[in-house]
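Visitor: Contents of final.txt (compact mmCIF, C-alpha atoms) are below:
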```txt
# COMPACT_ATOMS: atom_id res chain seq x y z
CA MET A 1 150.94 146.51 1.02
CA SER A 2 148.38 141.88 3.93
CA HIS A 3 149.63 144.96 3.04
CA ASP A 4 151.18 147.67 5.32
CA LEU A 5 151.32 147.74 2.49
CA SER A 6 152.11 148.15 3.84
CA ALA A 7 150.56 148.48 4.65
CA PRO A 8 150.30 148.95 3.74
CA ALA A 9 149.67 150.33 2.44
CA PRO A 10 149.36 148.78 3.01
CA PRO A 11 148.44 148.63 2.08
CA THR A 12 148.82 151.67 3.39
CA ALA A 13 152.16 153.70 8.61
CA PRO A 14 152.42 157.42 8.90
CA ARG A 15 154.56 159.23 6.45
CA GLU A 16 155.76 162.75 6.99
CA ARG A 17 155.57 164.57 3.70
CA PRO A 18 158.28 167.01 2.63
CA THR A 19 157.28 170.62 2.74
CA ALA A 20 160.30 172.58 1.62
CA ALA A 21 163.61 170.97 0.82
CA PRO A 22 163.25 167.59 -0.86
CA ALA A 23 165.78 166.15 1.54
CA LYS A 24 163.19 166.48 4.27
CA SER A 25 160.22 164.16 4.19
CA ALA A 26 157.37 163.15 6.08
CA PRO A 27 150.25 152.08 7.76
CA ALA A 28 151.38 151.58 4.04
CA SER A 29 152.42 153.05 4.33
CA ALA A 30 152.48 153.80 6.66
CA PRO A 31 148.94 154.74 7.15
CA ALA A 32 147.89 157.57 4.97
CA SER A 33 146.70 160.73 6.55
CA SER A 34 143.22 161.86 5.64
CA SER A 35 143.41 165.42 6.92
CA SER A 36 140.71 167.59 5.51
CA SER A 37 142.48 170.90 5.88
CA SER A 38 142.90 172.83 2.66
CA SER A 39 146.56 173.54 3.37
CA SER A 40 147.35 169.84 3.78
CA SER A 41 145.44 169.02 0.61
CA ALA A 42 147.36 171.66 -1.27
CA ARG A 43 150.65 170.11 -0.23
CA ARG A 44 149.71 166.54 -1.17
CA ASP A 45 151.54 165.21 -4.17
CA PRO A 46 149.07 163.61 -6.62
CA TYR A 47 151.79 161.28 -7.91
CA PHE A 48 152.23 159.53 -4.59
CA ASP A 49 148.51 159.45 -3.87
CA ASN A 50 148.00 157.82 -7.27
CA ALA A 51 150.83 155.38 -6.55
CA LYS A 52 149.28 154.45 -3.23
CA TYR A 53 145.86 153.90 -4.76
CA PHE A 54 147.11 151.73 -7.61
CA THR A 55 149.30 149.74 -5.24
CA ILE A 56 146.43 148.99 -2.87
CA VAL A 57 144.38 147.91 -5.90
CA LEU A 58 147.11 145.40 -6.74
CA VAL A 59 147.06 144.16 -3.14
CA ALA A 60 143.32 143.57 -3.29
CA CYS A 61 143.54 141.89 -6.68
CA GLY A 62 146.35 139.63 -5.52
CA HIS A 63 144.35 138.49 -2.50
CA ALA A 64 141.26 137.96 -4.65
CA TRP A 65 143.16 135.99 -7.30
CA GLU A 66 144.77 133.51 -4.91
CA PRO A 67 141.93 130.91 -4.99
CA LEU A 68 141.86 131.15 -8.79
CA THR A 69 145.53 130.15 -9.09
CA HIS A 70 144.72 126.55 -8.22
CA GLY A 71 143.15 125.95 -11.60
CA SER A 72 144.19 128.78 -13.89
CA ARG A 73 147.66 129.25 -15.31
CA VAL A 74 146.80 132.78 -16.46
CA ALA A 75 145.60 133.76 -12.98
CA THR A 76 148.74 132.24 -11.50
CA ALA A 77 150.93 134.26 -13.86
CA ALA A 78 149.16 137.49 -12.93
CA TYR A 79 149.37 136.59 -9.26
CA LEU A 80 153.10 135.84 -9.37
CA THR A 81 153.84 139.04 -11.30
CA VAL A 82 151.94 141.22 -8.84
CA TYR A 83 153.44 139.52 -5.80
CA ALA A 84 156.92 139.99 -7.18
CA PHE A 85 156.73 143.75 -6.57
CA HIS A 86 153.57 145.08 -4.91
CA MET A 87 154.68 144.70 -1.28
CA PRO A 88 158.22 145.87 -2.10
CA ALA A 89 156.62 148.96 -3.66
CA PHE A 90 154.59 149.49 -0.47
CA ALA A 91 157.71 149.25 1.66
CA LEU A 92 159.75 151.51 -0.62
CA VAL A 93 157.18 154.32 -0.68
CA SER A 94 156.71 153.94 3.07
CA GLY A 95 160.45 154.39 3.52
CA TYR A 96 160.48 157.45 1.29
CA PHE A 97 157.88 159.13 3.51
CA SER A 98 159.73 158.13 6.68
CA ARG A 99 162.94 160.04 5.97
CA SER A 100 162.25 162.75 8.54
CA PHE A 101 161.33 160.39 11.35
CA ASP A 102 163.64 161.23 14.23
CA MET A 103 161.83 160.11 17.39
CA ALA A 104 160.65 163.68 18.05
CA PRO A 105 157.57 163.67 20.33
CA GLY A 106 155.16 164.75 17.60
CA ARG A 107 156.34 162.04 15.23
CA VAL A 108 156.23 159.40 17.94
CA ARG A 109 152.66 160.45 18.65
CA ARG A 110 151.78 160.05 14.99
CA LEU A 111 153.46 156.64 14.95
CA LEU A 112 151.44 155.52 17.95
CA THR A 113 148.08 156.77 16.70
CA SER A 114 148.41 155.71 13.07
CA VAL A 115 150.31 152.43 13.44
CA VAL A 116 150.33 151.04 16.98
CA VAL A 117 146.71 151.77 17.90
CA PRO A 118 145.30 150.49 14.57
CA TYR A 119 147.44 147.39 14.99
CA LEU A 120 146.01 146.68 18.43
CA VAL A 121 142.44 147.41 17.32
CA PHE A 122 142.47 145.40 14.11
CA GLU A 123 144.54 142.50 15.42
CA THR A 124 141.86 142.10 18.08
CA ALA A 125 139.06 142.58 15.55
CA TYR A 126 140.48 139.97 13.19
CA THR A 127 140.84 137.49 16.03
CA LEU A 128 137.23 138.02 17.12
CA PHE A 129 136.11 137.74 13.50
CA TYR A 130 137.91 134.41 13.16
CA ARG A 131 136.38 133.11 16.38
CA TRP A 132 132.91 134.02 15.17
CA ALA A 133 133.26 132.88 11.56
CA ARG A 134 134.97 129.58 12.39
CA HIS A 135 133.01 128.89 15.58
CA ASP A 136 136.27 128.71 17.48
CA PRO A 137 135.92 130.77 20.69
CA GLY A 138 139.27 129.54 21.93
CA TYR A 139 141.28 130.90 19.01
CA PRO A 140 144.12 132.81 20.70
CA LEU A 141 144.85 136.52 20.47
CA SER A 142 148.58 137.04 20.09
CA LEU A 143 149.95 140.52 19.55
CA LEU A 144 153.34 139.04 18.67
CA ASP A 145 151.90 136.81 15.95
CA PRO A 146 150.10 139.16 13.56
CA TRP A 147 147.19 137.68 11.67
CA TYR A 148 146.94 137.97 7.89
CA VAL A 149 147.42 141.58 6.70
CA MET A 150 148.43 142.83 10.14
CA TRP A 151 152.07 141.86 9.68
CA PHE A 152 152.70 144.99 7.65
CA LEU A 153 151.75 147.36 10.48
CA LEU A 154 154.06 145.54 12.86
CA ALA A 155 156.84 145.64 10.28
CA LEU A 156 156.17 149.30 9.64
CA PHE A 157 156.47 150.09 13.33
CA ILE A 158 159.82 148.31 13.58
CA TRP A 159 161.13 149.91 10.39
CA ARG A 160 160.17 153.40 11.49
CA ILE A 161 161.58 153.28 14.98
CA THR A 162 164.87 152.06 13.50
CA THR A 163 164.91 154.82 10.86
CA PRO A 164 167.39 157.03 12.76
CA ILE A 165 169.81 154.10 12.80
CA TRP A 166 169.56 153.55 9.05
CA LEU A 167 170.04 157.25 8.36
CA THR A 168 173.31 157.26 10.26
CA LEU A 169 174.87 154.49 8.16
CA ARG A 170 177.03 155.26 5.18
CA HIS A 171 175.69 152.29 3.17
CA PRO A 172 172.34 151.34 4.72
CA VAL A 173 170.89 149.37 1.80
CA PRO A 174 173.68 146.74 1.64
CA VAL A 175 173.40 146.32 5.42
CA ALA A 176 169.63 145.84 5.19
CA LEU A 177 170.07 143.41 2.31
CA ALA A 178 172.58 141.44 4.37
CA LEU A 179 170.00 141.14 7.15
CA ALA A 180 167.44 139.93 4.61
CA VAL A 181 169.89 137.30 3.41
CA LEU A 182 170.52 136.26 7.00
CA ALA A 183 166.79 135.78 7.50
CA ALA A 184 166.53 133.75 4.31
CA VAL A 185 169.24 131.31 5.39
CA SER A 186 168.11 131.02 9.03
CA PRO A 187 165.41 128.37 9.47
CA ASP A 188 165.49 128.75 13.27
CA LEU A 189 164.94 132.50 13.33
CA GLY A 190 161.42 132.04 14.68
CA GLY A 191 158.02 133.40 13.73
CA ASP A 192 157.41 136.00 16.45
CA ILE A 193 156.60 139.54 15.23
CA SER A 194 156.79 138.18 11.66
CA ILE A 195 160.53 138.69 11.88
CA GLN A 196 161.20 136.89 8.60
CA ARG A 197 158.96 139.31 6.71
CA VAL A 198 160.22 142.30 8.66
CA LEU A 199 163.77 141.51 7.54
CA GLY A 200 162.80 140.20 4.10
CA PHE A 201 161.17 143.47 3.03
CA LEU A 202 163.48 145.70 5.07
CA PRO A 203 165.84 146.50 2.13
CA PHE A 204 163.00 148.13 0.21
CA PHE A 205 162.04 150.35 3.14
CA VAL A 206 165.67 151.34 3.70
CA LEU A 207 166.08 152.04 -0.01
CA GLY A 208 163.08 154.35 0.21
CA LEU A 209 164.85 156.25 2.99
CA THR A 210 167.71 157.00 0.63
CA LEU A 211 165.58 158.21 -2.29
CA ARG A 212 164.85 161.82 -3.19
CA ALA A 213 162.24 163.46 -5.36
CA GLU A 214 164.61 163.58 -8.33
CA HIS A 215 164.83 159.79 -8.36
CA PHE A 216 161.11 159.57 -9.03
CA GLU A 217 161.37 162.38 -11.56
CA ARG A 218 163.72 160.22 -13.62
CA LEU A 219 160.94 157.68 -14.05
CA ARG A 220 158.75 160.25 -15.84
CA THR A 221 160.58 160.10 -19.15
CA TRP A 222 159.01 158.29 -22.07
CA ARG A 223 162.23 156.37 -22.54
CA VAL A 224 161.76 154.74 -19.14
CA ARG A 225 158.05 154.21 -19.70
CA LEU A 226 158.58 152.56 -23.06
CA PHE A 227 161.32 150.40 -21.58
CA ALA A 228 158.91 149.33 -18.85
CA LEU A 229 156.47 147.82 -21.35
CA PRO A 230 158.65 144.97 -22.65
CA VAL A 231 160.01 144.40 -19.13
CA GLY A 232 156.50 144.03 -17.76
CA ALA A 233 155.49 141.80 -20.65
CA ALA A 234 158.58 139.65 -20.13
CA ALA A 235 157.72 139.31 -16.44
CA LEU A 236 154.21 138.13 -17.28
CA VAL A 237 155.43 135.65 -19.88
CA THR A 238 158.08 134.31 -17.52
CA ALA A 239 155.50 133.97 -14.75
CA TYR A 240 153.25 132.06 -17.15
CA LEU A 241 156.07 129.69 -18.09
CA VAL A 242 157.09 128.94 -14.50
CA ALA A 243 153.55 128.90 -13.10
CA PRO A 244 153.22 125.08 -13.03
CA TRP A 245 156.20 124.60 -10.73
CA PHE A 246 157.26 127.89 -9.14
CA SER A 247 155.96 128.49 -5.61
CA ALA A 248 154.71 131.94 -4.68
CA GLY A 249 156.14 131.25 -1.23
CA TRP A 250 159.46 132.57 -2.51
CA LEU A 251 157.82 136.00 -2.79
CA TYR A 252 156.15 136.05 0.63
CA HIS A 253 159.37 136.05 2.70
CA ARG A 254 157.46 134.27 5.47
CA GLY A 255 160.34 131.97 6.32
CA SER A 256 163.75 130.76 5.28
CA VAL A 257 164.46 129.16 1.93
CA THR A 258 164.42 125.75 3.57
CA GLY A 259 160.66 126.14 3.77
CA GLN A 260 160.65 126.07 -0.04
CA GLY A 261 162.62 122.83 -0.07
CA ALA A 262 165.93 124.49 -0.91
CA PRO A 263 169.22 124.25 1.00
CA ASN A 264 170.25 127.21 3.15
CA TRP A 265 172.95 128.45 0.81
CA VAL A 266 170.38 129.18 -1.91
CA GLY A 267 169.26 132.18 0.13
CA LEU A 268 172.61 133.82 -0.52
CA PHE A 269 171.63 134.16 -4.18
CA SER A 270 167.83 134.08 -4.18
CA THR A 271 167.44 137.07 -1.86
CA PRO A 272 169.54 139.52 -3.91
CA ALA A 273 167.97 138.15 -7.10
CA LEU A 274 164.41 138.66 -5.84
CA PHE A 275 165.38 142.10 -4.51
CA SER A 276 166.68 143.10 -7.95
CA LEU A 277 163.62 141.71 -9.70
CA ALA A 278 161.25 143.53 -7.37
CA LEU A 279 163.20 146.76 -7.76
CA VAL A 280 163.04 146.63 -11.55
CA LEU A 281 159.32 145.84 -11.60
CA THR A 282 158.62 148.54 -8.99
CA ALA A 283 160.43 151.10 -11.15
CA CYS A 284 158.40 149.99 -14.18
CA PHE A 285 155.18 150.28 -12.19
CA LEU A 286 156.03 153.70 -10.77
CA SER A 287 157.03 155.00 -14.20
CA TRP A 288 153.45 154.57 -15.40
CA VAL A 289 151.79 156.11 -12.35
CA PRO A 290 150.18 159.39 -13.49
CA TRP A 291 151.59 162.63 -12.08
CA ARG A 292 148.37 164.63 -12.43
CA HIS A 293 145.16 164.65 -10.42
CA LEU A 294 142.77 161.86 -11.40
CA TRP A 295 139.36 160.78 -10.17
CA CYS A 296 141.11 158.31 -7.86
CA THR A 297 143.82 160.63 -6.52
CA ALA A 298 141.92 161.53 -3.36
CA LEU A 299 141.55 157.82 -2.60
CA GLY A 300 145.30 157.63 -2.08
CA ALA A 301 144.80 159.28 1.30
CA GLY A 302 142.65 156.36 2.43
CA THR A 303 144.74 153.36 1.45
CA MET A 304 145.28 152.29 5.06
CA TYR A 305 141.52 152.02 5.45
CA GLY A 306 141.27 149.83 2.39
CA TYR A 307 144.22 147.73 3.50
CA LEU A 308 142.91 147.03 6.99
CA LEU A 309 139.24 146.55 6.07
CA HIS A 310 139.43 144.50 2.88
CA GLY A 311 140.97 141.58 4.78
CA PHE A 312 137.61 140.85 6.42
CA VAL A 313 135.97 140.38 3.01
CA ILE A 314 138.87 138.34 1.65
CA LYS A 315 138.83 136.02 4.66
CA ALA A 316 135.04 135.74 4.53
CA SER A 317 135.34 134.53 0.95
CA ARG A 318 137.57 131.71 2.17
CA PHE A 319 135.61 130.86 5.30
CA TRP A 320 132.30 130.62 3.46
CA ASP A 321 133.55 129.07 0.20
CA TRP A 322 132.53 131.86 -2.16
CA TYR A 323 134.89 130.49 -4.78
CA ASP A 324 133.13 127.13 -4.98
CA HIS A 325 130.99 128.40 -7.86
CA PRO A 326 132.47 126.89 -11.06
CA TRP A 327 131.65 130.00 -13.10
CA LEU A 328 134.17 132.05 -11.12
CA HIS A 329 136.93 129.84 -12.52
CA THR A 330 136.11 130.74 -16.11
CA THR A 331 137.64 133.65 -17.97
CA LEU A 332 134.59 135.83 -17.40
CA GLY A 333 134.50 134.76 -13.77
CA GLU A 334 138.12 135.73 -13.24
CA LEU A 335 137.44 139.12 -14.79
CA ALA A 336 134.41 139.52 -12.53
CA VAL A 337 136.51 138.68 -9.46
CA THR A 338 139.06 141.29 -10.55
CA ALA A 339 136.39 143.93 -11.06
CA ALA A 340 134.86 143.12 -7.67
CA ALA A 341 138.26 143.46 -5.97
CA VAL A 342 138.88 146.84 -7.60
CA GLY A 343 135.40 148.05 -6.69
CA LEU A 344 135.72 146.84 -3.11
CA ILE A 345 139.07 148.44 -2.40
CA THR A 346 137.98 151.67 -4.10
CA ALA A 347 134.90 151.87 -1.88
CA LEU A 348 136.91 151.13 1.26
CA CYS A 349 139.32 153.99 0.49
CA SER A 350 136.48 156.47 -0.03
CA ALA A 351 135.70 159.43 2.21
CA PRO A 352 132.48 158.02 3.73
CA VAL A 353 134.25 154.85 4.87
CA ARG A 354 137.13 156.87 6.27
CA THR A 355 134.70 159.01 8.22
CA VAL A 356 133.07 155.95 9.79
CA PHE A 357 136.30 154.15 10.69
CA ARG A 358 138.57 157.07 11.51
CA PHE A 359 138.19 156.32 15.20
CA ALA A 360 140.05 153.03 14.68
CA VAL A 361 142.45 153.82 11.84
CA GLU A 362 143.44 157.42 12.64
CA PRO A 363 142.33 158.15 16.21
CA ARG A 364 143.25 161.60 17.47
CA MET A 365 143.62 160.68 21.15
CA GLU A 366 144.55 164.19 22.30
CA TRP A 367 143.69 163.11 25.82
CA MET A 368 146.69 160.78 25.88
CA PHE A 369 149.42 163.22 24.89
CA SER A 370 150.90 166.43 26.20
CA ARG A 371 151.16 169.53 24.03
CA ARG A 372 154.90 169.09 23.77
CA ASP A 373 154.40 166.23 21.33
CA GLU A 374 152.68 168.28 18.64
CA VAL A 375 154.07 167.88 15.13
CA PRO A 376 156.06 171.03 14.25
CA PRO A 377 154.10 173.65 12.24
CA GLY A 378 154.34 173.19 8.50
CA LEU A 379 154.97 169.45 8.74
CA THR A 380 152.24 167.23 7.36
CA THR A 381 152.01 163.49 7.47
CA SER A 382 151.21 161.05 4.78
CA GLY A 383 150.43 157.43 5.17
CA PRO A 384 151.43 154.04 3.98
CA THR A 385 150.64 153.04 0.70
CA THR A 386 148.81 150.87 2.90
CA SER A 387 150.76 153.73 2.85
CA GLY A 388 149.88 148.61 4.27
CA ARG A 389 150.15 147.93 3.41
CA GLY A 390 150.24 144.34 2.11
```
What would the structure in this file look like if it were written as structure tokens?

Guide:
Amino acid sequence: MSHDLSAPAPPTAPRERPTAAPAKSAPASAPASSSSSSSSSARRDPYFDNAKYFTIVLVACGHAWEPLTHGSRVATAAYLTVYAFHMPAFALVSGYFSRSFDMAPGRVRRLLTSVVVPYLVFETAYTLFYRWARHDPGYPLSLLDPWYVMWFLLALFIWRITTPIWLTLRHPVPVALALAVLAAVSPDLGGDISIQRVLGFLPFFVLGLTLRAEHFERLRTWRVRLFALPVGAAALVTAYLVAPWFSAGWLYHRGSVTGQGAPNWVGLFSTPALFSLALVLTACFLSWVPWRHLWCTALGAGTMYGYLLHGFVIKASRFWDWYDHPWLHTTLGELAVTAAAVGLITALCSAPVRTVFRFAVEPRMEWMFSRRDEVPPGLTTSGPTTSGRG
């Protein structure tokens, strides 16, 4: 969720939503569709829109909390807990809504307009923003080296175009997890196209491909919800205890474990362990997501907007030292930062913002495609929980 999501989802990439049989499904997420048609709205599932909204809120809060972690153990604990599962949740939901992706012309068109084009537009915009804010006109634009939150869209594109491959495998999740382990133990893998992150979060996306509606239904029981409370509390307490020495870099999957000062072989154990931890916390989080329409449900359709746009504000806060005010590092200041992050991401997911920026996030671009690439009737798309979104 930068993400894609993630993105998401992330964030906010496009997700095709199931319309009949649950086995069929439809930039984080990736990018969420914001279609205004009444039929599409009627088919939207409030549970997943709520999940996307709450996940993008966690993404914004995590980014806003990062400067506070340098002097606050409580902020660090909250930050570590959120980062342990929020991007995995983005990737998982994005995978769930990618189950029907089969390289059909209409779905390829949706992938191009809701993932590739926004990636090109915002990668360029972020580079220009950096040049202006840092007075560095020579700062390079590299489409293979995504900047900040943009990694989730690139990952989402790679995950989606490989979806038909994963759906042909008998045991796709273990294969994806093996690739994640390989990335964790390979210090020379390279940084192009954020390959470490692409592979590090890949198991969650592939797991989402294997899920069905009944799997989420099982999280609705009060037994699961009550179980999630002590698990979540234990995660927070553990994060508080390890905060002085544990590096959040383990949760970013930006590079191999050697970057954290550990020998290669540690990745053989740390990757499955972090995967299991993220999966448990994601299940706990999803169990408490409301299944009914709320005031924020409609915002779930705009999580890609929030994912892509909030990065400008987050980076501005770093470039211009907004966190230098001592009051922000008090308890009330930390609460104010949290409230500001929630308010910001909520506004950026709103309908007016989506109307203004639809040309960049969800361009229609009919002029580029032939009529043969139309999405089949009855098939709607839903976006990343950036869906970045990350």

Visitor: Can you build me a table of stretch 70-118 of chain A residues sitting at most 10 Å from stretch 225-235 of chain A, with the closest atom pair per residue and its distance in Å to one decimal, using only C-alpha atoms, sorted by chain and residue number, as CSV?

Guide:
```
residue,atom,partner,partner_atom,distance
A:Ala77,CA,A:Ala235,CA,8.8
A:Ala78,CA,A:Ala235,CA,9.4
A:Leu80,CA,A:Ala235,CA,9.1
A:Thr81,CA,A:Ala235,CA,6.4
A:Val82,CA,A:Ala235,CA,9.7
A:Ala84,CA,A:Ala235,CA,9.3
```

Visitor: With distances taken over all atoms listed in the file, which residue among A:Phe204, A:Phe357, A:Trp295, A:Trp147 lies nearest A:Asp192?

Guide: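 The answer is A:Trp147, which sits nearest to A:Asp192.
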
Visitor: Give me the residues near A:Gly261 as a PyMOL selection string, where near means some atom within 12 Å (using only C-alpha atoms) and where sequence neighbours in that chain fewer than 5 positions away do not count.

Guide: chain A and resi 187+246-247+249-250+255-256+266-267

Visitor: Kindly save the residues from that selection, with C-alpha atoms included, as a PDB file, keeping the file's coordinate frame.

Guide:
```pdb
ATOM      1  CA  PRO A 187     165.410 128.370   9.470  1.00  0.00           C
ATOM      2  CA  PHE A 246     157.260 127.890  -9.140  1.00  0.00           C
ATOM      3  CA  SER A 247     155.960 128.490  -5.610  1.00  0.00           C
ATOM      4  CA  GLY A 249     156.140 131.250  -1.230  1.00  0.00           C
ATOM      5  CA  TRP A 250     159.460 132.570  -2.510  1.00  0.00           C
ATOM      6  CA  GLY A 255     160.340 131.970   6.320  1.00  0.00           C
ATOM      7  CA  SER A 256     163.750 130.760   5.280  1.00  0.00           C
ATOM      8  CA  VAL A 266     170.380 129.180  -1.910  1.00  0.00           C
ATOM      9  CA  GLY A 267     169.260 132.180   0.130  1.00  0.00           C
TER      10      GLY A 267
END
```

Visitor: Would you mind listing what lies within 9 Å of A:Pro118 as a tab-separated table (two decimals) with C-alpha atoms, keeping the file's coordinate frame, with all atoms listed in the file counted and same-chain residues fewer than 3 positions away left out?

Guide:
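Final file, around17.tsv:
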```
chain	number	residue	atom	x	y	z
A	27	PRO	CA	150.25	152.08	7.76
A	112	LEU	CA	151.44	155.52	17.95
A	113	THR	CA	148.08	156.77	16.70
A	114	SER	CA	148.41	155.71	13.07
A	115	VAL	CA	150.31	152.43	13.44
A	121	VAL	CA	142.44	147.41	17.32
A	122	PHE	CA	142.47	145.40	14.11
A	123	GLU	CA	144.54	142.50	15.42
A	153	LEU	CA	151.75	147.36	10.48
A	308	LEU	CA	142.91	147.03	6.99
A	360	ALA	CA	140.05	153.03	14.68
A	361	VAL	CA	142.45	153.82	11.84
A	362	GLU	CA	143.44	157.42	12.64
A	363	PRO	CA	142.33	158.15	16.21
```

Visitor: Would you compute the distance between atom CA of A:Pro88 and atom CA of A:Thr282? Give it in Å to one decimal.

Guide: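 Result for atom CA of A:Pro88 versus atom CA of A:Thr282: 7.4 Å, one decimal.
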
Visitor: Identify which of the residues A:Phe359, A:Val117, A:Leu281, A:Ala64 lies closest to A:Ala339, counting all atoms listed in the file when measuring atom-to-atom distances.

Guide: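 That would be A:Ala64, the residue with the smallest distance to A:Ala339.
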
Visitor: Here is a test: counting all atoms listed in the file, which residue of A:Leu58, A:Asn50, A:Val224, A:Ala183 is nearest to A:Val280?

Guide: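 Closest to A:Val280 of all the choices is A:Val224.
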
Visitor: So how far away is atom CA of A:His215 from atom CA of A:Thr168, in Å?

Guide: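 Result for atom CA of A:Thr168 versus atom CA of A:His215: 20.6 Å, one decimal.
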
Visitor: Quick one: of A:Ile161, A:Ala298, A:Leu344, A:Cys61, who's nearest to A:Leu111, counting all atoms listed in the file?

Guide: A:Ile161

Visitor: Taking every listed atom of stretch 191-195 of chain A and adding 5 Å to each side, what centre and edge lengths in Å (one decimal) does the axis-aligned box have, as JSON?

Guide:
```
{"center_x": 158.6, "center_y": 136.5, "center_z": 14.1, "size_x": 13.9, "size_y": 16.1, "size_z": 14.8}
```

Visitor: Using all atoms listed in the file, which residue out of A:Leu277, A:Val289, A:Ala248, A:Met150 lies closest to A:Gly62?

Guide: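 Nearest to A:Gly62: A:Ala248.
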
Visitor: Kindly indicate which residue among A:Val185, A:Tyr323, A:Arg44, A:Phe216 lies nearest to A:Phe285, using only C-alpha atoms for the distances.

Guide: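 Nearest to A:Phe285: A:Phe216.
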
Visitor: Using Å and a single decimal, report how far atom CA of A:Gly95 sits from atom CA of A:Leu299.

Guide: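 Going from atom CA of A:Leu299 over to atom CA of A:Gly95, I get 20.2 Å.
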
Visitor: Could you give me, as a Markdown table, a per-residue list for stretch 293-370 of chain A showing, wherever an atom lies at most 10 Å from an atom of stretch 131-146 of chain A, the closest pair of atoms and their distance in Å to one decimal, using all atoms listed in the file and sorting by chain then residue number from low to high?

Guide:
```
| residue | atom | partner | partner_atom | distance |
| --- | --- | --- | --- | --- |
| A:Lys315 | CA | A:Ala133 | CA | 9.4 |
| A:Ala316 | CA | A:Ala133 | CA | 7.8 |
| A:Phe319 | CA | A:Ala133 | CA | 7.0 |
| A:Trp320 | CA | A:Ala133 | CA | 8.5 |
```

Visitor: Please check which residues have atoms at most 9 Å from (166.9, 145.3, -2.4) in the file's coordinates, counting only C-alpha atoms, and write them as a list in words.

Guide: Pro88, Val173, Pro174, Ala176, Leu177, Ala180, Phe201, Leu202, Pro203, Phe204, Phe205, Val206, Leu207, Thr271, Pro272, Ala273, Leu274, Phe275, Ser276, Leu277, Ala278 and Leu279 of chain A
